[in-house]
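Have a look at the structure below, then the notes.
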Amino acid sequence: MSKISDCIDEIVGNENDEKDIEERNKKDIIFIAFWCLIYLAMLAIQAIFDEQIIQAVVAQLQIVVSVVLTARYCKTGYLLSVALNALSIVCVIFNGIAVGSILFVGVIIPVGTIISVSFLFGIIRKLHKSMKEASNQREELVKLAEEAEEAYEEVRKMNEQLLETSRVIKENEERLNHMALFDALTELPNRRMIINRLDFHISYSAKTGKKFAVVFIDLDNFKRINDTLGHEKGDMVIKKISQRITAALDTDDILGRLGGDEFAILVQRDVDSDEILKYVEEIRAAISEPIVIGNEEVTVNASFGASAYPKDGSDSTELLKCADMALYKAKADGKNRLEFFTPEMKEEIQHKVDFEASLVAGLNKEEFHLLFQPQHEPDGQKLRGFEALVRWRSEELGLVSPMQFIPMAEETGLIVELGTWIFKEACRKLRMAMDTYGLENLVLSVNISTIQLMQPDFYNIVKGIMEETGVYGRNLEIEITESVFIKSVDNAVEVLNKIKKLGISIALDDFGTGYSSLHYLRSLPIDTLKIDKSFVDGINRAESEKEIVGSIISLAHNMNLFVVAEGVEVEEQLSYLRDSGCDCVQGYLLGRPLDDEQFNETLKKASEYLRTSESPEYK
Ligand code: C2E
Ligand code: CA
Ligand code: CA
């Protein structure tokens with residue numbers, strides 16, 4: 001664009017250089033002086049020489065000088081020409097007066113010259129005016145050109161910005177599309193994409209008659225990893241596992257992350273259940289390899305559920321639901337395993353869903369109550385206390401065994417609410433027993449589920465209920481099972497120690513049925529050991545089994561533990577336990593779980609026994 005202003009300079013001329021102007025002014029003065037001198041010299045020649053020819057030549061030269069001055073030096077030149085010619089006229093007149101005749105031609109020529117240069121000057125002025133206008137126009141043009149240049153630059157910049165913006169928009173669009181179909185953490189297809197692919201594969205398989213399978217994967221106890229390592233490291237574990245599954249994946253198959261710790265594989269091949277089993281086993285082994293995150297090493301297991309097309313469902317919703325049900329079964333049956341969907345699962349799950357709904361309704365309708373099974377000293381006489389046992393008389397289902405509804409309540413988390421109710425009800429009954437019968441040393445045992453114990457506010461709930469009902473810790477015992485320690489030893493020990501500070505004693509229930517080890521017994525803050533019924537049953541079965549019970553009792557005594565034998569049904573068991581030094585017995589032989597009326601009766605007898613110190617029978 002700068003070319004435009006250059007062109008204008010070329011056409012109109014540019015006299016901006018001050019030095020040039022100064023230089024030229026100097027030259028002009030010299031030349032003007034030179035021409036004036038020439039003119040004056042010619043006036044002198046005219047005065048000296050009378051010859052006609054000289055006069056004529058000089059007059060011609062004077063005209064030339066006048067024209068040159070006017071043309072060359074504009075106003076100054078013109079004024080000088082007029083002055084010189086006027087001088088010439090004056091000279092002619094003086095000369096004429098001196099010689100007695102005025103030469104007419106001598107006057108006419110300078111007058112004519114004055115007129116001519118006046119014309120010339122007029123033309124030149126006009127020319128100058130035009131030139132000035134042209135110069136102004138040039139300046140304006142230059143200005144316009146500069147503005148045009150600026151505008152062009154602005155447009156160019158805006159254009160660049162527009163291009164950049166459209167590039168960013170395109171990138172964002174692509175990213176949004178990616179986000180809608182892929183998981184941000186693992187870069188794997190997300191649930192939506194998996195369903196899209198599944199729909200596509202179903203329509204393809206429907207036409208070609210091909211079979212395929214869907215495998216759901218869910219990491220076992222992943223919540224615990226998140227809770228202990230934090231979410232950031234939890235995410236790293238998820239990422240690592242997704243890479244391991246991808247590495248073990250068949251090239252025909254697609255892996256997706258459905259969310260959280262759930263993945264799905266579309267096995268886009270016709271494979272039988274044995275092949276899937278082998279395939280999943282490889283993936284399971286890959287997942288279970290230890291993972292190192294920072295300084296920590298974690299091992300994650302996974303459960304798998306598989307469904308097959310077209311056997312288990314003809315659309316994606318059905319197939320996913322079936323795989324999910326199979327996974328649910330794998331989890332319920334001990335985790336870290338694969339289950340194939342079977343139609344029975346549907347019924348089983350439906351049954352569980354209905355059962356759960358009844359359980360919730362039962363809680364709201366107060367369909368639960370407690371029975372109290374007495375615990376005696378082994379002479380079968382003196383009452384130590386009772387174990388509180390919950391019962392559910394359901395309006396829909398009739399009398400339901402705790403063996404049935406407690407595990408379900410644990411699975412659904414309802415045990416927290418139910419367990420709180422049980423503890424409170426037990427404490428209320430204990431308060432009543434103390435107030436009515438004054439049995440100061442009575443011990444009431446309450447079963448506490450592991451899930452309850454693991455609740456962060458368990459201690460506060462217990463303390464709150466004790467305060468509300470006004471019972472003392474020394475009259476309370478909580479029964480826990482070894483599963484508490486399998487879940488988290490440190491956590492369990494911490495909670496139990498706090499509970500013990502309230503004066504409550506801790507009993508280890510069902511001893512001998514689980515993972516019982518001496519190590520547990522030594523490291524746990526327990527006060528009482530409850531020998532499981534299965535060992536008590538052994539007493540009258542074989543001598544060797546009898547000895548096991550004897551050994552458990554002496555071992556527990558060595559560790560300063562109080563021993564309760566449960567499920568005592570026959571006299572032989574009772575007498576062996578008495579002889580072996582067992583501290584307390586519980587079982588049908590001495591008393592079944594009692595309802596309120598029987599409970600009161602037993603308490604009354606116990607208080608009378610205390611008063612008379614005689615030995616009533618409690619059978
Ligand atoms: P558990 O804690 O081992 O309770 C003892 C179970 O053995 C009770 O069954 C009791 O009635 C039964 N029993 C007692 N003596 C004998 C006997 O001589 N022979 C036979 N055959 N059985 C005897 P129940 O009440 O059906 O409870 C079963 C299980 O349900 C309990 O086992 C406990 O694990 C759970 N449970 C019961 N009540 C509660 C509760 O309030 N809270 C929690 N969390 N679990 C409870
Ligand atoms: Ca118990
Ligand atoms: Ca037990």
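For the structure tokens, the naming scheme is as follows: chains receive sequential letters (A, B, ...) according to their order of presentation, residues are indexed from 1 within each chain, and ligands are indexed from 1 in presentation order.
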
Write as number ranges by chain the residues around ligand 1, taking 8 Å as the cut-off and counting only C-alpha atoms and all ligand atoms.
A: 370-371, 373, 387-391, 401-403, 406, 415, 419, 422-423, 446-449, 479, 509-510, 532-533, 566-569, 586-589, 591-593

File dump, residues just selected, C-alpha atoms, as a PDB file, in the first residue's frame:
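Output file selection.pdb is given in full below:
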```pdb
ATOM      1  CA  LEU A 370     -36.835 -59.265  71.025  1.00  0.00           C
ATOM      2  CA  LEU A 371     -36.599 -62.607  72.808  1.00  0.00           C
ATOM      3  CA  GLN A 373     -32.288 -66.433  76.035  1.00  0.00           C
ATOM      4  CA  GLU A 387     -28.720 -62.853  75.068  1.00  0.00           C
ATOM      5  CA  ALA A 388     -31.156 -60.603  73.184  1.00  0.00           C
ATOM      6  CA  LEU A 389     -32.348 -62.282  69.966  1.00  0.00           C
ATOM      7  CA  VAL A 390     -34.414 -60.434  67.407  1.00  0.00           C
ATOM      8  CA  ARG A 391     -37.604 -61.804  65.843  1.00  0.00           C
ATOM      9  CA  SER A 401     -35.881 -66.394  60.983  1.00  0.00           C
ATOM     10  CA  PRO A 402     -33.041 -63.966  61.787  1.00  0.00           C
ATOM     11  CA  MET A 403     -30.757 -66.362  59.868  1.00  0.00           C
ATOM     12  CA  ILE A 406     -30.159 -60.481  59.200  1.00  0.00           C
ATOM     13  CA  ILE A 415     -29.056 -53.471  59.606  1.00  0.00           C
ATOM     14  CA  GLY A 419     -29.486 -52.759  64.888  1.00  0.00           C
ATOM     15  CA  ILE A 422     -32.433 -53.663  68.762  1.00  0.00           C
ATOM     16  CA  PHE A 423     -29.809 -52.045  70.975  1.00  0.00           C
ATOM     17  CA  VAL A 446     -26.630 -57.847  72.293  1.00  0.00           C
ATOM     18  CA  ASN A 447     -25.547 -59.106  68.868  1.00  0.00           C
ATOM     19  CA  ILE A 448     -23.874 -56.388  66.822  1.00  0.00           C
ATOM     20  CA  SER A 449     -23.356 -56.823  63.110  1.00  0.00           C
ATOM     21  CA  GLU A 479     -21.402 -59.964  70.681  1.00  0.00           C
ATOM     22  CA  ASP A 509     -19.450 -65.024  69.106  1.00  0.00           C
ATOM     23  CA  ASP A 510     -19.455 -68.343  67.203  1.00  0.00           C
ATOM     24  CA  ASP A 532     -20.000 -72.237  69.009  1.00  0.00           C
ATOM     25  CA  LYS A 533     -22.786 -74.817  69.172  1.00  0.00           C
ATOM     26  CA  GLU A 566     -23.800 -71.952  73.529  1.00  0.00           C
ATOM     27  CA  GLY A 567     -26.292 -74.469  72.147  1.00  0.00           C
ATOM     28  CA  VAL A 568     -26.206 -76.719  75.192  1.00  0.00           C
ATOM     29  CA  GLU A 569     -29.022 -79.201  74.600  1.00  0.00           C
ATOM     30  CA  GLN A 586     -26.578 -71.128  77.179  1.00  0.00           C
ATOM     31  CA  GLY A 587     -28.900 -73.482  75.341  1.00  0.00           C
ATOM     32  CA  TYR A 588     -32.296 -75.103  75.060  1.00  0.00           C
ATOM     33  CA  LEU A 589     -31.464 -77.366  78.016  1.00  0.00           C
ATOM     34  CA  GLY A 591     -33.781 -72.116  78.511  1.00  0.00           C
ATOM     35  CA  ARG A 592     -35.124 -71.245  75.077  1.00  0.00           C
ATOM     36  CA  PRO A 593     -35.298 -67.646  73.938  1.00  0.00           C
TER      37      PRO A 593
END
```

Would you list, as JSON, numbers by chain, the residues of region 194-438 of chain A that end up in strand (DSSP E or B) under DSSP run on this structure's backbone?
{"A": [212, 213, 214, 215, 216, 217, 218, 219, 254, 255, 256, 257, 258, 259, 262, 263, 264, 265, 266, 267, 291, 292, 293, 296, 297, 298, 302, 303, 304, 305, 306, 307, 308, 309, 338, 339, 340, 368, 369, 370, 371, 372, 373, 374, 375, 376, 383, 384, 385, 386, 387, 388, 389, 390, 391, 392, 393, 394, 398, 399, 400]}

Which of region 435-562 of chain A end up as alpha helix (DSSP H) when DSSP is run on this backbone - answer as a VMD selection string?
chain A and resid 435 to 437 450 to 453 458 to 469 483 to 487 489 to 501 518 to 523 533 to 538 543 to 558

Could you write those residues out with C-alpha atoms, as a PDB file, in the first residue's frame?
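Just written: selection.pdb:
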```pdb
ATOM      1  CA  ASP A 435     -35.848 -51.116  88.181  1.00  0.00           C
ATOM      2  CA  THR A 436     -38.444 -53.839  88.733  1.00  0.00           C
ATOM      3  CA  TYR A 437     -36.295 -56.649  90.061  1.00  0.00           C
ATOM      4  CA  THR A 450     -19.970 -55.992  61.588  1.00  0.00           C
ATOM      5  CA  ILE A 451     -21.630 -53.428  59.331  1.00  0.00           C
ATOM      6  CA  GLN A 452     -22.975 -51.615  62.422  1.00  0.00           C
ATOM      7  CA  LEU A 453     -19.625 -51.641  64.135  1.00  0.00           C
ATOM      8  CA  PHE A 458     -21.474 -46.376  66.123  1.00  0.00           C
ATOM      9  CA  TYR A 459     -19.810 -45.294  69.373  1.00  0.00           C
ATOM     10  CA  ASN A 460     -21.964 -42.167  69.616  1.00  0.00           C
ATOM     11  CA  ILE A 461     -25.133 -44.158  68.963  1.00  0.00           C
ATOM     12  CA  VAL A 462     -24.259 -46.625  71.753  1.00  0.00           C
ATOM     13  CA  LYS A 463     -23.349 -43.854  74.173  1.00  0.00           C
ATOM     14  CA  GLY A 464     -26.486 -41.884  73.304  1.00  0.00           C
ATOM     15  CA  ILE A 465     -28.785 -44.859  73.884  1.00  0.00           C
ATOM     16  CA  MET A 466     -27.091 -45.674  77.197  1.00  0.00           C
ATOM     17  CA  GLU A 467     -27.618 -42.120  78.377  1.00  0.00           C
ATOM     18  CA  GLU A 468     -31.194 -42.050  77.138  1.00  0.00           C
ATOM     19  CA  THR A 469     -32.173 -45.339  78.780  1.00  0.00           C
ATOM     20  CA  SER A 483     -15.684 -61.051  60.337  1.00  0.00           C
ATOM     21  CA  VAL A 484     -15.212 -57.712  62.124  1.00  0.00           C
ATOM     22  CA  PHE A 485     -11.482 -58.287  62.234  1.00  0.00           C
ATOM     23  CA  ILE A 486     -11.260 -59.637  58.737  1.00  0.00           C
ATOM     24  CA  LYS A 487     -12.704 -56.394  57.361  1.00  0.00           C
ATOM     25  CA  VAL A 489      -8.469 -55.108  62.367  1.00  0.00           C
ATOM     26  CA  ASP A 490      -7.123 -51.657  63.244  1.00  0.00           C
ATOM     27  CA  ASN A 491     -10.459 -49.970  62.861  1.00  0.00           C
ATOM     28  CA  ALA A 492     -12.284 -52.662  64.836  1.00  0.00           C
ATOM     29  CA  VAL A 493      -9.753 -52.585  67.683  1.00  0.00           C
ATOM     30  CA  GLU A 494     -10.040 -48.799  67.905  1.00  0.00           C
ATOM     31  CA  VAL A 495     -13.869 -48.841  68.076  1.00  0.00           C
ATOM     32  CA  LEU A 496     -13.947 -51.730  70.536  1.00  0.00           C
ATOM     33  CA  ASN A 497     -11.487 -50.026  72.861  1.00  0.00           C
ATOM     34  CA  LYS A 498     -13.712 -46.945  72.916  1.00  0.00           C
ATOM     35  CA  ILE A 499     -16.772 -49.100  73.614  1.00  0.00           C
ATOM     36  CA  LYS A 500     -14.906 -50.842  76.434  1.00  0.00           C
ATOM     37  CA  LYS A 501     -14.248 -47.464  78.026  1.00  0.00           C
ATOM     38  CA  LEU A 518      -4.743 -67.628  68.462  1.00  0.00           C
ATOM     39  CA  HIS A 519      -3.303 -64.524  66.945  1.00  0.00           C
ATOM     40  CA  TYR A 520      -6.765 -62.907  66.924  1.00  0.00           C
ATOM     41  CA  LEU A 521      -7.486 -63.885  70.462  1.00  0.00           C
ATOM     42  CA  ARG A 522      -4.260 -62.376  71.669  1.00  0.00           C
ATOM     43  CA  SER A 523      -4.446 -59.105  69.773  1.00  0.00           C
ATOM     44  CA  LYS A 533     -22.786 -74.817  69.172  1.00  0.00           C
ATOM     45  CA  SER A 534     -21.007 -77.015  66.607  1.00  0.00           C
ATOM     46  CA  PHE A 535     -18.209 -77.664  69.195  1.00  0.00           C
ATOM     47  CA  VAL A 536     -20.687 -78.214  72.011  1.00  0.00           C
ATOM     48  CA  ASP A 537     -22.494 -80.723  69.758  1.00  0.00           C
ATOM     49  CA  GLY A 538     -19.196 -82.607  69.455  1.00  0.00           C
ATOM     50  CA  GLU A 543     -13.891 -88.242  72.781  1.00  0.00           C
ATOM     51  CA  SER A 544     -11.535 -86.263  70.538  1.00  0.00           C
ATOM     52  CA  GLU A 545     -14.136 -83.588  69.906  1.00  0.00           C
ATOM     53  CA  LYS A 546     -14.842 -83.405  73.608  1.00  0.00           C
ATOM     54  CA  GLU A 547     -11.176 -82.698  74.197  1.00  0.00           C
ATOM     55  CA  ILE A 548     -11.218 -79.836  71.723  1.00  0.00           C
ATOM     56  CA  VAL A 549     -13.841 -78.076  73.846  1.00  0.00           C
ATOM     57  CA  GLY A 550     -11.775 -78.704  76.986  1.00  0.00           C
ATOM     58  CA  SER A 551      -8.691 -77.259  75.291  1.00  0.00           C
ATOM     59  CA  ILE A 552     -10.550 -74.166  74.117  1.00  0.00           C
ATOM     60  CA  ILE A 553     -11.769 -73.523  77.672  1.00  0.00           C
ATOM     61  CA  SER A 554      -8.325 -73.822  79.231  1.00  0.00           C
ATOM     62  CA  LEU A 555      -6.744 -71.785  76.449  1.00  0.00           C
ATOM     63  CA  ALA A 556      -9.314 -69.014  76.961  1.00  0.00           C
ATOM     64  CA  HIS A 557      -8.769 -69.097  80.710  1.00  0.00           C
ATOM     65  CA  ASN A 558      -5.037 -68.774  80.180  1.00  0.00           C
TER      66      ASN A 558
END
```

For ligand 2, which residue out of A:Leu444, A:Leu319, A:Val92, A:Ile123 is the nearest one, using only C-alpha atoms and all ligand atoms?
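Nearest to ligand 2: A:Leu444.
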
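Residue nearest ligand 3, chosen from A:Ala606, A:Ala507, A:Ile539, A:Met179 and counting only C-alpha atoms and all ligand atoms: A:Ala507.
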
Report as a VMD selection string all protein, DNA and RNA residues lying within 10 Å of Gly106 (chain A), evaluated on only C-alpha atoms, omitting residues in the same chain fewer than 2 positions from it.
chain A and resid 46 55 to 56 59 88 to 89 91 to 93 96 102 to 104 108 to 111

Using only N, CA, C and O atoms, please write the residues we just selected to a file, as a compact mmCIF listing (two decimals), in the first residue's frame.
```txt
# COMPACT_ATOMS: atom_id res chain seq x y z
N GLN A 46 22.03 50.31 -24.11
CA GLN A 46 21.03 51.08 -24.86
C GLN A 46 21.34 52.59 -24.77
O GLN A 46 21.19 53.33 -25.76
N GLN A 55 19.97 48.46 -30.39
CA GLN A 55 18.78 48.76 -29.58
C GLN A 55 17.77 47.62 -29.69
O GLN A 55 17.21 47.16 -28.68
N ALA A 56 17.56 47.16 -30.92
CA ALA A 56 16.56 46.09 -31.15
C ALA A 56 16.96 44.79 -30.46
O ALA A 56 16.14 44.14 -29.79
N ALA A 59 16.66 45.17 -26.80
CA ALA A 59 15.23 45.11 -26.39
C ALA A 59 14.72 43.66 -26.35
O ALA A 59 14.00 43.24 -25.42
N SER A 88 13.31 50.85 -17.48
CA SER A 88 13.65 50.98 -18.89
C SER A 88 12.82 52.12 -19.51
O SER A 88 13.35 52.95 -20.26
N ILE A 89 11.51 52.19 -19.13
CA ILE A 89 10.63 53.24 -19.67
C ILE A 89 11.13 54.61 -19.19
O ILE A 89 11.28 55.55 -20.00
N CYS A 91 14.09 55.37 -18.29
CA CYS A 91 15.36 55.67 -18.99
C CYS A 91 15.08 56.20 -20.38
O CYS A 91 15.70 57.17 -20.85
N VAL A 92 14.14 55.56 -21.10
CA VAL A 92 13.81 55.98 -22.48
C VAL A 92 13.27 57.41 -22.44
O VAL A 92 13.66 58.26 -23.28
N ILE A 93 12.38 57.68 -21.46
CA ILE A 93 11.77 59.02 -21.37
C ILE A 93 12.85 60.06 -21.08
O ILE A 93 12.95 61.09 -21.76
N GLY A 96 14.92 60.51 -24.07
CA GLY A 96 14.16 61.27 -25.08
C GLY A 96 14.15 62.75 -24.74
O GLY A 96 14.36 63.59 -25.63
N ILE A 102 11.26 61.60 -27.93
CA ILE A 102 11.09 60.30 -27.23
C ILE A 102 10.84 59.22 -28.25
O ILE A 102 9.95 59.32 -29.10
N LEU A 103 11.72 58.16 -28.14
CA LEU A 103 11.58 57.03 -29.09
C LEU A 103 10.37 56.17 -28.67
O LEU A 103 10.33 55.56 -27.59
N PHE A 104 9.36 56.21 -29.57
CA PHE A 104 8.11 55.53 -29.22
C PHE A 104 8.28 54.02 -28.99
O PHE A 104 7.76 53.44 -28.03
N ILE A 108 7.17 51.45 -26.04
CA ILE A 108 6.20 50.38 -26.33
C ILE A 108 6.72 49.02 -25.89
O ILE A 108 6.00 48.22 -25.26
N ILE A 109 8.01 48.75 -26.17
CA ILE A 109 8.55 47.41 -25.88
C ILE A 109 8.48 47.09 -24.38
O ILE A 109 7.93 46.05 -24.00
N PRO A 110 9.02 47.99 -23.50
CA PRO A 110 8.92 47.63 -22.08
C PRO A 110 7.48 47.53 -21.59
O PRO A 110 7.15 46.64 -20.79
N VAL A 111 6.60 48.49 -22.16
CA VAL A 111 5.19 48.41 -21.73
C VAL A 111 4.60 47.06 -22.14
O VAL A 111 3.95 46.36 -21.35
```

Need to verify the contact set: region 223-230 of chain A, 12 Å, only C-alpha atoms, exclusion of same-chain residues closer than 2 positions in sequence. Can you return it as a list of chain:residue names?
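In the requested form, the answer reads A:Asp218, A:Leu219, A:Asp220, A:Asn221, A:Glu232, A:Lys233, A:Gly234, A:Asp235, A:Met236, A:Val237, A:Ile238, A:Gly260, A:Asp261, A:Ile291, A:Val292, A:Ile293, A:Gly294, A:Asn295, A:Glu296, A:Glu297, A:Val298, A:Thr299, A:Val300, A:Asn301, A:Lys487, A:Ser488, A:Asn491.
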
Would you list the contacts of Arg191 (chain A) as a ChimeraX atom specification, taking every protein, DNA or RNA residue within 8 Å and counting only C-alpha atoms, but skipping same-chain residues closer than 3 positions in sequence?
/A:181,194-195,256-259

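In this model, the gap between CA of Lys329 (chain A) and CA of Ala306 (chain A) comes to 10.8 Å.
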
Residue with the minimum atom-to-atom distance to ligand 2, picked from A:His201, A:His128, A:Lys530, A:Arg578 with only C-alpha atoms and all ligand atoms counted, is A:Lys530

Which is closer to ligand 3 than all the others in A:Leu508, A:Glu395, A:Glu608, A:Gly385, using only C-alpha atoms and all ligand atoms?
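Of the candidates, the smallest distance to ligand 3 is held by A:Leu508.
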
Can you pull out every residue within 7 Å of Gln268 (chain A), counting only C-alpha atoms, but drop anything in the same chain fewer than 5 positions away, and send it as a PyMOL selection string?
chain A and resi 212-213+252-253

Restrict the selected residues to N, CA and C atoms and save them as a PDB file, in the first residue's frame.
```
ATOM      1  N   PHE A 212     -22.910 -63.621  20.165  1.00  0.00           N
ATOM      2  CA  PHE A 212     -21.831 -62.907  20.859  1.00  0.00           C
ATOM      3  C   PHE A 212     -22.168 -62.815  22.346  1.00  0.00           C
ATOM      4  N   ALA A 213     -21.259 -62.210  23.134  1.00  0.00           N
ATOM      5  CA  ALA A 213     -21.487 -62.162  24.591  1.00  0.00           C
ATOM      6  C   ALA A 213     -21.118 -60.796  25.166  1.00  0.00           C
ATOM      7  N   ASP A 252     -10.789 -58.428  18.524  1.00  0.00           N
ATOM      8  CA  ASP A 252     -12.155 -58.247  18.015  1.00  0.00           C
ATOM      9  C   ASP A 252     -13.073 -57.579  19.038  1.00  0.00           C
ATOM     10  N   ASP A 253     -12.677 -57.578  20.301  1.00  0.00           N
ATOM     11  CA  ASP A 253     -13.592 -57.154  21.362  1.00  0.00           C
ATOM     12  C   ASP A 253     -13.428 -55.676  21.716  1.00  0.00           C
TER      13      ASP A 253
END
```

Choose the residue, out of A:Glu366, A:Glu356, A:Glu396, A:Asp595, that has the smallest atom-to-atom separation from Glu410 (chain A); count only C-alpha atoms.
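Residue with the minimum atom-to-atom distance to Glu410 (chain A): A:Glu356.
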
Applying 6 Å and only C-alpha atoms, which residues near Ala326 (chain A) remain after dropping the ones on its own chain fewer than 5 positions away? List them as a ChimeraX atom specification.
/A:305,339-341

Please compute the CA of Leu363 (chain A)-CA of Gly398 (chain A) distance, one decimal, in Å.
14.4 Å
